$ cat input31.cif   # mmCIF, C-alpha atoms
data_run
#
loop_
_atom_site.label_atom_id
_atom_site.label_comp_id
_atom_site.auth_asym_id
_atom_site.auth_seq_id
_atom_site.Cartn_x
_atom_site.Cartn_y
_atom_site.Cartn_z
CA MET K 9 76.77 127.44 160.26
CA SER K 10 75.97 126.31 163.79
CA GLU K 11 74.80 122.69 163.79
CA PRO K 12 73.04 120.59 166.45
CA ALA K 13 74.43 117.13 167.14
CA HIS K 14 73.19 114.89 164.37
CA HIS K 15 74.17 112.49 161.63
CA ARG K 16 75.23 113.98 158.31
CA VAL K 17 75.12 111.97 155.08
CA GLU K 18 76.49 113.34 151.82
CA VAL K 19 74.78 112.60 148.51
CA ALA K 20 77.75 112.79 146.14
CA LEU K 21 76.46 114.11 142.82
CA GLY K 22 79.16 116.55 141.71
CA ASP K 23 77.80 120.07 141.38
CA ARG K 24 74.39 118.79 142.56
CA ALA K 25 75.75 117.26 145.78
CA TYR K 26 73.97 117.97 149.04
CA ALA K 27 73.83 116.89 152.67
CA VAL K 28 71.12 115.06 154.58
CA HIS K 29 71.06 116.06 158.25
CA ILE K 30 69.44 113.57 160.63
CA GLY K 31 68.68 114.13 164.29
CA PRO K 32 66.75 116.21 166.83
CA GLY K 33 66.60 119.91 166.01
CA ALA K 34 67.80 119.57 162.42
CA ARG K 35 65.18 122.13 161.34
CA THR K 36 67.22 124.89 163.04
CA LEU K 37 69.65 124.70 160.09
CA LEU K 38 66.98 125.98 157.71
CA PRO K 39 67.55 129.78 157.96
CA ASP K 40 71.27 129.39 157.24
CA LEU K 41 70.54 127.15 154.26
CA VAL K 42 68.09 129.71 152.84
CA ALA K 43 70.70 132.45 153.29
CA ALA K 44 73.38 130.29 151.66
CA ALA K 45 71.11 129.80 148.65
CA GLY K 46 70.98 133.58 148.16
CA ALA K 47 67.19 133.60 148.16
CA THR K 48 65.20 136.76 148.82
CA ARG K 49 61.85 134.93 148.84
CA ALA K 50 60.76 131.50 150.04
CA VAL K 51 57.60 129.48 149.66
CA VAL K 52 56.99 126.96 152.44
CA VAL K 53 54.50 124.20 151.61
CA SER K 54 53.82 122.57 154.94
CA ALA K 55 51.63 119.91 156.50
CA ARG K 56 52.66 121.31 159.90
CA PRO K 57 51.62 124.59 161.59
CA GLU K 58 53.52 127.73 160.66
CA GLY K 59 55.26 127.90 164.03
CA ALA K 60 56.83 124.48 163.47
CA LEU K 61 59.72 126.07 161.53
CA PRO K 62 62.09 128.87 162.53
CA PRO K 63 61.77 132.29 160.84
CA LEU K 64 63.64 132.23 157.55
CA GLY K 65 64.81 135.83 157.40
CA VAL K 66 63.32 136.42 153.93
CA ASP K 67 59.89 137.28 152.53
CA THR K 68 57.96 134.04 153.04
CA LEU K 69 54.70 132.66 151.65
CA TRP K 70 53.25 129.85 153.77
CA LEU K 71 50.99 127.34 151.99
CA ALA K 72 49.15 124.45 153.60
CA ALA K 73 50.19 121.16 152.04
CA GLN K 74 47.53 118.97 150.50
CA ASP K 75 49.04 115.80 151.93
CA GLY K 76 47.87 112.29 151.08
CA GLU K 77 47.82 110.14 147.94
CA GLU K 78 44.42 111.52 146.87
CA ASN K 79 46.06 114.95 146.40
CA LYS K 80 49.26 113.69 144.78
CA ASN K 81 48.28 114.66 141.25
CA LEU K 82 48.99 117.13 138.47
CA ALA K 83 46.19 119.46 139.58
CA THR K 84 47.94 119.98 142.92
CA VAL K 85 51.24 120.67 141.15
CA ALA K 86 49.57 123.21 138.86
CA GLY K 87 47.95 124.93 141.84
CA LEU K 88 51.31 125.23 143.60
CA CYS K 89 53.02 126.69 140.54
CA GLU K 90 50.24 129.27 140.20
CA ARG K 91 50.77 130.35 143.81
CA PHE K 92 54.53 130.55 143.23
CA ALA K 93 53.94 132.85 140.26
CA ARG K 94 51.49 135.13 142.07
CA PHE K 95 53.99 135.49 144.92
CA GLY K 96 56.71 136.52 142.47
CA LEU K 97 59.00 133.58 143.16
CA THR K 98 62.04 133.44 140.88
CA ARG K 99 64.48 130.66 140.10
CA SER K 100 67.00 132.32 142.45
CA ASP K 101 64.57 131.88 145.36
CA VAL K 102 63.71 128.69 147.22
CA VAL K 103 60.82 126.30 147.78
CA ILE K 104 60.61 124.38 151.07
CA SER K 105 58.55 121.24 151.63
CA CYS K 106 57.58 120.22 155.14
CA GLY K 107 55.51 117.06 155.44
CA GLY K 108 55.32 113.41 154.54
CA GLY K 109 56.36 111.59 151.40
CA THR K 110 53.43 112.75 149.32
CA THR K 111 54.33 116.36 150.18
CA THR K 112 58.00 115.99 149.28
CA ASP K 113 57.08 114.19 146.03
CA THR K 114 54.49 116.76 144.96
CA VAL K 115 56.31 119.91 146.07
CA GLY K 116 59.53 118.55 144.59
CA LEU K 117 57.84 118.13 141.20
CA ALA K 118 56.35 121.64 141.38
CA ALA K 119 59.84 123.03 142.12
CA ALA K 120 61.32 121.01 139.24
CA LEU K 121 58.77 122.41 136.78
CA TYR K 122 58.46 126.03 137.95
CA HIS K 123 60.83 128.17 135.85
CA ARG K 124 62.22 124.81 134.65
CA GLY K 125 63.83 124.29 138.02
CA THR K 126 63.71 126.22 141.31
CA PRO K 127 65.81 125.25 144.34
CA VAL K 128 64.02 123.07 146.91
CA ILE K 129 64.82 122.05 150.48
CA HIS K 130 62.98 119.13 152.05
CA LEU K 131 61.98 118.81 155.71
CA PRO K 132 60.40 115.35 155.85
CA THR K 133 58.24 114.96 158.94
CA SER K 134 57.15 111.31 158.65
CA LEU K 135 59.39 108.30 159.22
CA LEU K 136 58.63 107.07 155.72
CA ALA K 137 59.79 110.34 154.18
CA GLN K 138 62.90 110.58 156.36
CA VAL K 139 63.96 107.02 155.59
CA ASP K 140 63.42 107.20 151.85
CA ALA K 141 61.02 109.53 150.02
CA SER K 142 62.82 112.85 150.50
CA ILE K 143 66.27 111.62 149.41
CA GLY K 144 67.52 111.00 145.90
CA GLY K 145 65.77 113.62 143.79
CA LYS K 146 62.83 111.58 142.54
CA THR K 147 59.64 113.62 142.37
CA GLY K 148 56.31 112.46 141.08
CA VAL K 149 52.55 112.30 141.16
CA ASN K 150 49.95 109.66 140.44
CA LEU K 151 47.59 109.09 137.53
CA PRO K 152 44.35 107.09 137.70
CA GLU K 153 46.26 104.43 135.76
CA GLY K 154 49.01 104.01 138.33
CA LYS K 155 51.31 105.40 141.01
CA ASN K 156 54.18 107.82 140.33
CA LEU K 157 53.74 107.64 136.56
CA VAL K 158 54.53 111.36 136.06
CA GLY K 159 57.63 112.91 137.57
CA ALA K 160 61.11 114.35 137.20
CA TYR K 161 64.53 114.02 138.76
CA TRP K 162 65.21 117.19 140.76
CA GLN K 163 67.79 117.03 143.53
CA PRO K 164 67.14 119.16 146.63
CA ARG K 165 69.65 121.67 148.02
CA ALA K 166 69.47 119.89 151.38
CA VAL K 167 67.31 117.51 153.40
CA LEU K 168 66.66 118.08 157.10
CA CYS K 169 65.38 114.95 158.87
CA ASP K 170 64.41 116.42 162.25
CA THR K 171 63.60 113.38 164.37
CA ASP K 172 61.69 115.56 166.85
CA PHE K 173 58.84 115.56 164.32
CA LEU K 174 58.46 111.79 164.70
CA ALA K 175 57.23 112.01 168.29
CA THR K 176 53.93 113.45 167.04
CA LEU K 177 53.14 110.66 164.56
CA PRO K 178 50.15 108.40 165.25
CA PRO K 179 51.07 104.73 165.86
CA ARG K 180 49.99 103.45 162.44
CA GLU K 181 52.01 106.14 160.66
CA ARG K 182 55.11 105.29 162.69
CA VAL K 183 54.83 101.62 161.76
CA ASN K 184 54.15 102.57 158.14
CA GLY K 185 57.65 104.03 158.00
CA TYR K 186 59.18 100.73 159.03
CA GLY K 187 58.16 99.24 155.65
CA GLU K 188 61.05 100.97 153.89
CA LEU K 189 63.44 100.03 156.71
CA ALA K 190 62.45 96.35 156.51
CA ARG K 191 63.17 96.17 152.78
CA CYS K 192 66.66 97.64 153.42
CA HIS K 193 67.59 94.31 155.04
CA PHE K 194 67.55 92.72 151.57
CA ILE K 195 69.35 95.44 149.60
CA GLY K 196 72.50 95.98 151.64
CA ALA K 197 71.64 97.08 155.19
CA GLU K 198 71.01 93.98 157.27
CA GLY K 199 70.38 94.11 161.00
CA LEU K 200 68.83 97.58 161.19
CA GLY K 201 66.18 96.48 163.69
CA ALA K 202 68.75 96.14 166.49
CA LEU K 203 69.75 99.82 166.23
CA PRO K 204 68.18 102.97 167.75
CA LEU K 205 65.79 104.52 165.25
CA GLU K 206 67.96 107.55 164.47
CA GLN K 207 70.78 105.21 163.45
CA GLN K 208 68.38 103.13 161.37
CA ILE K 209 67.36 106.28 159.49
CA ALA K 210 71.00 107.31 159.00
CA ARG K 211 72.03 103.88 157.68
CA SER K 212 69.05 103.75 155.33
CA VAL K 213 69.84 107.24 154.03
CA ALA K 214 73.53 106.32 153.62
CA LEU K 215 72.57 103.23 151.63
CA LYS K 216 70.29 105.24 149.36
CA ALA K 217 72.89 108.01 148.96
CA SER K 218 75.48 105.44 147.93
CA VAL K 219 73.15 103.98 145.30
CA VAL K 220 71.91 107.34 143.98
CA SER K 221 75.46 108.71 143.66
CA ARG K 222 76.27 105.78 141.33
CA ASP K 223 72.97 105.71 139.42
CA GLU K 224 71.01 108.93 139.68
CA ARG K 225 68.45 108.16 136.97
CA ASP K 226 67.48 104.51 137.36
CA GLN K 227 69.72 103.14 134.63
CA GLY K 228 70.62 100.05 136.63
CA LEU K 229 71.69 99.84 140.28
CA ARG K 230 69.05 102.25 141.59
CA HIS K 231 66.35 99.71 140.73
CA ILE K 232 67.26 97.79 143.90
CA LEU K 233 65.71 100.60 145.96
CA ASN K 234 62.35 99.46 144.58
CA TYR K 235 62.57 96.14 146.38
CA GLY K 236 59.02 95.10 147.30
CA HIS K 237 57.53 98.01 145.36
CA THR K 238 56.12 96.24 142.29
CA LEU K 239 53.40 94.49 144.26
CA GLY K 240 53.47 97.29 146.85
CA HIS K 241 52.41 99.99 144.38
CA ALA K 242 49.79 97.67 142.90
CA LEU K 243 48.34 97.04 146.35
CA GLU K 244 48.12 100.76 147.06
CA ARG K 245 46.27 101.36 143.82
CA ALA K 246 44.01 98.30 144.12
CA THR K 247 42.93 99.33 147.64
CA SER K 248 42.44 102.98 146.60
CA TYR K 249 45.33 103.78 148.97
CA ALA K 250 43.55 102.40 152.03
CA LEU K 251 46.76 100.40 152.41
CA ARG K 252 49.59 102.82 153.11
CA HIS K 253 52.86 102.84 151.21
CA GLY K 254 55.07 101.27 153.87
CA GLU K 255 52.46 98.63 154.65
CA ALA K 256 52.14 97.78 150.96
CA VAL K 257 55.92 97.62 150.50
CA ALA K 258 56.14 95.30 153.50
CA ILE K 259 53.68 92.87 151.89
CA GLY K 260 55.50 93.33 148.59
CA THR K 261 58.79 92.42 150.28
CA VAL K 262 57.34 89.16 151.63
CA PHE K 263 55.97 88.46 148.15
CA ALA K 264 59.33 89.22 146.52
CA GLY K 265 60.93 86.59 148.75
CA ARG K 266 58.31 84.01 147.82
CA LEU K 267 58.60 84.81 144.13
CA ALA K 268 62.41 84.59 144.21
CA GLY K 269 62.08 81.21 145.93
CA ALA K 270 59.60 79.96 143.34
CA LEU K 271 62.03 80.96 140.58
CA GLY K 272 64.88 79.09 142.27
CA ARG K 273 66.87 82.25 142.99
CA ILE K 274 67.05 81.81 146.79
CA PRO K 275 66.70 78.85 149.20
CA PRO K 276 63.68 78.29 151.50
CA ALA K 277 65.51 79.73 154.52
CA ARG K 278 66.01 83.03 152.73
CA VAL K 279 62.35 83.05 151.70
CA ALA K 280 61.38 82.59 155.36
CA GLU K 281 63.77 85.39 156.33
CA HIS K 282 61.69 87.83 154.29
CA HIS K 283 58.62 87.02 156.38
CA GLU K 284 60.57 87.08 159.66
CA VAL K 285 62.17 90.49 159.06
CA VAL K 286 58.93 92.15 157.97
CA ALA K 287 56.94 90.62 160.85
CA SER K 288 59.60 91.71 163.38
CA TYR K 289 58.70 95.32 162.64
CA GLY K 290 55.01 94.71 163.33
CA LEU K 291 54.22 95.19 159.65
CA PRO K 292 51.58 93.33 157.64
CA THR K 293 52.76 90.19 155.84
CA ALA K 294 49.45 89.03 154.34
CA LEU K 295 47.48 90.11 151.28
CA PRO K 296 44.44 92.12 152.34
CA ALA K 297 41.19 90.20 152.11
CA GLY K 298 39.17 90.80 148.96
CA VAL K 299 41.95 92.20 146.78
CA ASP K 300 41.43 90.99 143.22
CA HIS K 301 44.42 89.24 141.64
CA ASP K 302 43.48 90.41 138.16
CA ALA K 303 43.62 94.01 139.38
CA LEU K 304 47.02 93.46 140.98
CA VAL K 305 48.46 91.92 137.81
CA HIS K 306 46.97 94.78 135.76
CA TYR K 307 48.68 97.41 137.90
CA MET K 308 51.96 95.47 138.03
CA HIS K 309 52.03 95.47 134.22
CA ARG K 310 51.87 99.29 134.39
CA ASP K 311 54.67 99.58 136.92
CA LYS K 312 57.21 102.19 135.85
CA LYS K 313 60.07 99.64 136.13
CA ALA K 314 58.42 97.33 133.59
CA GLU K 315 60.53 96.38 130.59
CA GLY K 316 58.84 95.24 127.39
CA HIS K 317 55.39 93.79 127.96
CA GLY K 318 56.17 91.34 130.75
CA LEU K 319 56.12 91.59 134.54
CA THR K 320 59.27 93.04 136.13
CA PHE K 321 60.39 92.67 139.74
CA VAL K 322 63.44 93.44 141.85
CA LEU K 323 64.31 90.04 143.30
CA ASP K 324 66.91 88.61 145.66
CA GLY K 325 69.45 86.13 144.32
CA THR K 326 72.81 84.54 144.98
CA ASP K 327 74.55 87.72 143.79
CA GLY K 328 72.16 90.02 145.64
CA PRO K 329 69.06 91.88 144.44
CA GLU K 330 68.62 92.72 140.77
CA LEU K 331 65.95 93.76 138.29
CA VAL K 332 64.36 90.66 136.77
CA PRO K 333 62.22 91.25 133.64
CA ASP K 334 59.76 88.89 131.98
CA VAL K 335 58.76 87.00 135.12
CA PRO K 336 56.11 84.47 133.96
CA GLU K 337 52.62 85.67 134.81
CA PRO K 338 51.42 82.16 135.82
CA THR K 339 54.22 82.03 138.43
CA VAL K 340 53.23 85.45 139.75
CA ARG K 341 49.58 84.43 139.99
CA ALA K 342 50.48 81.16 141.72
CA GLN K 343 52.47 83.02 144.36
CA LEU K 344 49.67 85.54 144.86
CA SER K 345 47.33 82.61 145.52
CA ALA K 346 49.84 81.11 147.95
CA MET K 347 50.25 84.32 149.96
CA PRO K 348 48.78 84.18 153.49
CA ARG K 349 45.55 86.03 154.20
CA PRO K 350 44.70 87.90 157.42
CA THR K 351 42.49 85.01 158.61
CA ASP K 352 45.35 82.53 158.13
CA PRO K 353 47.18 81.81 161.44
CA ALA K 354 50.43 81.89 159.45
CA ALA K 355 49.69 85.36 158.11
CA GLY K 356 51.49 87.29 160.84
CA ALA K 357 50.55 90.92 161.22
CA SER K 358 47.23 92.10 159.84
CA ALA K 359 46.65 94.73 157.19
CA VAL K 360 46.53 97.34 159.97
CA PRO K 361 49.82 96.85 161.85
CA ARG K 362 50.46 97.26 165.53
CA SER K 363 52.84 99.85 166.91
CA ARG K 364 56.37 98.95 167.95
CA GLY K 365 56.35 101.56 170.67
CA SER K 366 58.13 104.89 170.90
CA VAL K 367 60.10 106.03 167.90
CA ALA K 368 62.53 107.80 170.18
CA GLY K 369 64.43 104.61 170.95
CA ALA K 370 65.17 101.35 169.25
CA ALA K 371 62.65 100.10 166.79
CA GLY K 372 62.59 96.75 168.47
#
$ encode --input "input31.cif" --output "structure tokens"
Amino acid sequence: MSEPAHHRVEVALGDRAYAVHIGPGARTLLPDLVAAAGATRAVVVSARPEGALPPLGVDTLWLAAQDGEENKNLATVAGLCERFARFGLTRSDVVISCGGGTTTDTVGLAAALYHRGTPVIHLPTSLLAQVDASIGGKTGVNLPEGKNLVGAYWQPRAVLCDTDFLATLPPRERVNGYGELARCHFIGAEGLGALPLEQQIARSVALKASVVSRDERDQGLRHILNYGHTLGHALERATSYALRHGEAVAIGTVFAGRLAGALGRIPPARVAEHHEVVASYGLPTALPAGVDHDALVHYMHRDKKAEGHGLTFVLDGTDGPELVPDVPEPTVRAQLSAMPRPTDPAAGASAVPRSRGSVAGAAG
């Protein structure tokens, strides 16, 4: 297989192991991967135009992705499976997703369910998806009651993070992707912001691959990857997804630092570091104006990490991040009230972040 110059990260999962290829032109590996899978048919579900991918050399059905959180639901999954069936796709064929995180999540779940498991290859085209969403085998869709409440673990055959796709992203979507990079600072990958973006992606993917290879199904260690996500997911839902995932995780990361400080887990300097790292990426650090605290607490109670009937967060501590159940609700509400608002001079970036410039170079 001829390969362009790029980073390669292995996700070590025994007979389900696969490689993540990161760099310009990674999409050119796709035809060889389809051939290696032995497929005679492929379905491509893409948020990009048909010419964005090379010819696959097999009978191919091209479907337009219904990208966006509003389409990340069971109806979309059912519609995809129906199209797979009408095309005659078998479990020896292949499904290919090409788009952002909502596309990889939704298409991945459709592949996991169709014939009880059909091979899938992901081509994430957003920074958010390349950094996190497409790696690790988690698939899922939303319910009105909460985010990612229905899903399955279904590892891809390969992930191709072609960084050429990132040049076409609008500024807000580029910055949105930094939310997952910022939270990496607190779960084992400090100092990413000083690196060129391609290296930041590769280090983030390597961190996630290391965690997933030791805890594929969220039995313990993998919970640390949800740093900042408890409040983050609640913010997405409470704003009807007007706040994007990376933006919400950024605010959730700042909140996680404040909450850990209030519980005596970390000193004030480490609390401040949460704000400084998130703000350095041009991400929002303040709660959006008008978000109801009761709604946030309601959605945090329904978070999929919740244990028992209390509030559960991944929080920093002297021994590193860990899942902390039964966090007192009055403490959570007090820290929500103490969070900066966009009109507060100490709030940092607003709910709509500024761009950090071209994604082709360093993120700083």
$ resolve_selection --input "input31.cif" --expression "the PyMOL selection byres ((chain K and resi 111) around 8)" --output "PyMOL selection string"
chain K and resi 53-55+73-76+80+105-110+112-116
$ closest_residue --input "input31.cif" --among "K:Pro204, K:Pro132, K:Gly236, K:Gly185" --to "Arg252 (chain K)" --atoms "all atoms listed in the file"
K:Gly185
$ closest_residue --input "input31.cif" --among "K:Ser100, K:Asn81, K:Thr261, K:Gln227" --to "Ala294 (chain K)" --atoms "only C-alpha atoms"
K:Thr261
$ closest_residue --input "input31.cif" --among "K:Glu90, K:Gln208, K:Asp140, K:Ser134" --to "Arg56 (chain K)" --atoms "all atoms listed in the file"
K:Ser134
$ residues_around --input "input31.cif" --residues "Glu224 (chain K)" --least-positions-apart "4" --cutoff "9 Å" --atoms "only C-alpha atoms" --output "number ranges by chain"
K: 21, 144-145, 161, 219-220, 230
$ atom_distance --input "input31.cif" --atom1 "CA of Thr68 (chain K)" --atom2 "CA of Leu38 (chain K)"
13.0 Å
$ atom_distance --input "input31.cif" --atom1 "CA of Ala246 (chain K)" --atom2 "CA of Val158 (chain K)"
18.6 Å
$ atom_distance --input "input31.cif" --atom1 "CA of Arg222 (chain K)" --atom2 "CA of Trp162 (chain K)"
15.9 Å
$ resolve_selection --input "input31.cif" --expression "the PyMOL selection byres ((chain K and resi 262) around 9)" --output "list in words"
Gly236, Val257, Ala258, Ile259, Gly260, Thr261, Phe263, Ala264, Gly265, Arg266, Leu267, Val279, Ala280, Glu281, His282, His283, Glu284, Val285, Val286, Thr293, Ala294 and Met347 of chain K
$ residues_around --input "input31.cif" --residues "Ser221 (chain K)" --least-positions-apart "3" --cutoff "9 Å" --atoms "all atoms listed in the file" --output "list in words"
Val19, Ala20, Leu21, Gly22, Ala25, Gly144, Lys216, Ala217, Ser218 and Glu224 of chain K
$ resolve_selection --input "input31.cif" --expression "the PyMOL selection byres ((chain K and resi 59-67) around 12)" --output "PyMOL selection string"
chain K and resi 33-58+68-70+95-97+101-107+131+133+168+170+172-173+176
$ closest_residue --input "input31.cif" --among "K:Ala190, K:Val128, K:Ile195, K:Leu82" --to "Asn156 (chain K)" --atoms "all atoms listed in the file"
K:Leu82
$ residues_near_point --input "input31.cif" --point "(60.9, 102.2, 145.7)" --cutoff "12 Å" --atoms "only C-alpha atoms" --output "JSON, numbers by chain"
{"K": [109, 136, 137, 139, 140, 141, 142, 143, 144, 146, 147, 155, 156, 187, 188, 189, 191, 192, 195, 216, 226, 230, 231, 232, 233, 234, 235, 236, 237, 238, 239, 240, 241, 253, 254, 256, 257, 258, 260, 261, 311, 312, 313, 321, 322]}
$ closest_residue --input "input31.cif" --among "K:Leu117, K:Ile30, K:Ala83, K:Val305" --to "Glu206 (chain K)" --atoms "all atoms listed in the file"
K:Ile30
$ closest_residue --input "input31.cif" --among "K:Ala297, K:Leu215, K:Ala303, K:Val183" --to "Ala242 (chain K)" --atoms "only C-alpha atoms"
K:Ala303
